[in-house]
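One structure below.
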Amino acid sequence: MNEYGLSINPRSKWTESSRRAKVSVRELEILILHSEGKSNEEIAETLDIKYQTVKNMLHSINRKLDATTNAQALMRAISDGLVKVNIENKDERDLAEKIMWAIETERSRSTEDAGLINMIRDWREKRKTKDEQGGE
């Protein structure tokens with residue numbers, strides 16, 4: 001799990017369509033690093049691969065997940081069970097907020113994102129109630 005609570009799920013938890021899309025674990029690693037705000041150059045350095053490889057893999061995972069943006073690809077990866085997000089600690093909650101923003105700013109939303117959108121909205125409500133009651 002990275003500092004934002006994202007981790008790659010075992011293939012057994014992936015949806016059938018994701019398995020058919022043949023998304024690689026390396027592509028998911030790159031997508032997760034990109035979601036942390038790392039540049040392609042930083043990702044290349046972190047993983048000891050070429051800059052062009054990072055660009056190619058981001059393009060590839062977007063195509064495989066039928067996404068037009070990296071944010072949309074991350075949402076689809078989470079929706080399809082490729083990537084697990086745990087929203088229990090502050091950093092992970094911050095990531096959930098970023099994901100929610102990414103979803104809300106997309107021009108068109110797919111129905112497959114609806115479950116995660118609702119999960120994050122529920123979390124926001126619970127968090128708001130907890131904050132109002134003076135809890136962490």
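In the structure tokens, chains take the letters A, B, ... in the order shown, each chain's residues start at 1, and ligands count up from 1 in the order shown.
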Would you kindly return, as a short mmCIF file (atom, residue, chain, number, x, y, z; two decimals) with C-alpha atoms, in the first residue's frame, each protein, DNA or RNA residue with an atom no farther than 12 Å from any atom of Ile61 of chain A, considering only C-alpha atoms and excluding same-chain residues fewer than 6 positions away?
```cif
data_model
loop_
_atom_site.label_atom_id
_atom_site.label_comp_id
_atom_site.auth_asym_id
_atom_site.auth_seq_id
_atom_site.Cartn_x
_atom_site.Cartn_y
_atom_site.Cartn_z
CA SER A 18 -10.40 -6.36 -16.43
CA ALA A 21 -8.25 -6.29 -20.92
CA LYS A 22 -4.87 -7.74 -19.86
CA VAL A 23 -3.91 -4.81 -17.65
CA SER A 24 -0.40 -5.38 -16.29
CA VAL A 25 0.68 -4.92 -12.69
CA ARG A 26 3.40 -2.51 -13.93
CA GLU A 27 0.76 -0.36 -15.63
CA LEU A 28 -1.16 -0.23 -12.35
CA GLU A 29 2.00 0.71 -10.44
CA ILE A 30 2.57 3.59 -12.83
CA LEU A 31 -1.06 4.70 -12.59
CA ILE A 32 -0.88 4.69 -8.78
CA VAL A 54 5.95 5.56 -18.57
CA LYS A 55 4.10 7.55 -21.24
CA ALA A 67 -10.58 5.93 -20.24
CA THR A 68 -9.82 9.33 -21.71
CA THR A 69 -7.88 10.65 -18.69
CA ASN A 70 -5.57 9.15 -16.10
CA ALA A 71 -8.08 10.13 -13.38
CA GLN A 72 -10.80 8.22 -15.21
CA ALA A 73 -8.44 5.23 -15.62
CA LEU A 74 -7.80 5.26 -11.86
CA MET A 75 -11.54 5.33 -11.19
CA ARG A 76 -12.12 2.42 -13.53
CA ALA A 77 -9.21 0.51 -11.96
CA LEU A 82 -7.78 -3.77 -9.90
#
```
Any idea what's packed within 8 Å of Gly81 of chain A, counting only C-alpha atoms, ignoring anything in its chain fewer than 4 positions away? Could you give it as a list in words? Asn9, Lys13, Trp14, Thr15 and Ala77 of chain A
Write a file of the just-selected residues containing N, CA and C atoms, as a compact mmCIF listing (two decimals), in the first residue's frame.
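Once everything was written out, this is selection03.txt:
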```txt
# COMPACT_ATOMS: atom_id res chain seq x y z
N ASN A 9 -4.88 -4.97 -6.08
CA ASN A 9 -5.59 -6.16 -5.62
C ASN A 9 -5.03 -7.40 -6.28
N LYS A 13 -9.43 -10.84 -7.47
CA LYS A 13 -10.47 -9.85 -7.15
C LYS A 13 -10.81 -8.97 -8.36
N TRP A 14 -10.09 -9.13 -9.45
CA TRP A 14 -10.34 -8.32 -10.64
C TRP A 14 -11.61 -8.80 -11.32
N THR A 15 -12.33 -7.87 -11.95
CA THR A 15 -13.52 -8.26 -12.70
C THR A 15 -13.08 -9.02 -13.95
N ALA A 77 -10.04 1.54 -12.61
CA ALA A 77 -9.21 0.51 -11.96
C ALA A 77 -9.77 0.19 -10.57
```
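For the pair atom CA of Lys38 of chain A and atom CA of Tyr51 of chain A, the interatomic distance is 12.4 Å.
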Tell me which protein, DNA and RNA residues are within 7 Å of Lys84 of chain A, counting only C-alpha atoms, leaving out same-chain ones fewer than 5 positions away, and put them as a PDB file with N, CA and C atoms, in the first residue's frame.
```pdb
ATOM      1  N   LEU A   6      -3.532   3.302  -1.627  1.00  0.00           N
ATOM      2  CA  LEU A   6      -3.816   2.541  -2.839  1.00  0.00           C
ATOM      3  C   LEU A   6      -2.906   1.330  -2.914  1.00  0.00           C
ATOM      4  N   SER A   7      -3.473   0.226  -3.273  1.00  0.00           N
ATOM      5  CA  SER A   7      -2.668  -0.970  -3.491  1.00  0.00           C
ATOM      6  C   SER A   7      -3.302  -1.779  -4.615  1.00  0.00           C
ATOM      7  N   ILE A   8      -2.515  -2.628  -5.203  1.00  0.00           N
ATOM      8  CA  ILE A   8      -3.005  -3.467  -6.300  1.00  0.00           C
ATOM      9  C   ILE A   8      -3.648  -4.710  -5.701  1.00  0.00           C
ATOM     10  N   ASN A   9      -4.882  -4.970  -6.083  1.00  0.00           N
ATOM     11  CA  ASN A   9      -5.595  -6.155  -5.617  1.00  0.00           C
ATOM     12  C   ASN A   9      -5.026  -7.401  -6.282  1.00  0.00           C
ATOM     13  N   ILE A  78     -10.230   1.198  -9.869  1.00  0.00           N
ATOM     14  CA  ILE A  78     -10.824   0.973  -8.550  1.00  0.00           C
ATOM     15  C   ILE A  78     -12.172   0.273  -8.705  1.00  0.00           C
TER      16      ILE A  78
END
```
For the atom pair atom CA of Glu42 of chain A and atom CA of Asp66 of chain A, what is the interatomic distance in Å to one decimal place?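 Going from atom CA of Glu42 of chain A over to atom CA of Asp66 of chain A, I get 25.2 Å.
Here atom CA of Val83 of chain A is placed at a distance of 8.9 Å from atom CA of Pro10 of chain A.
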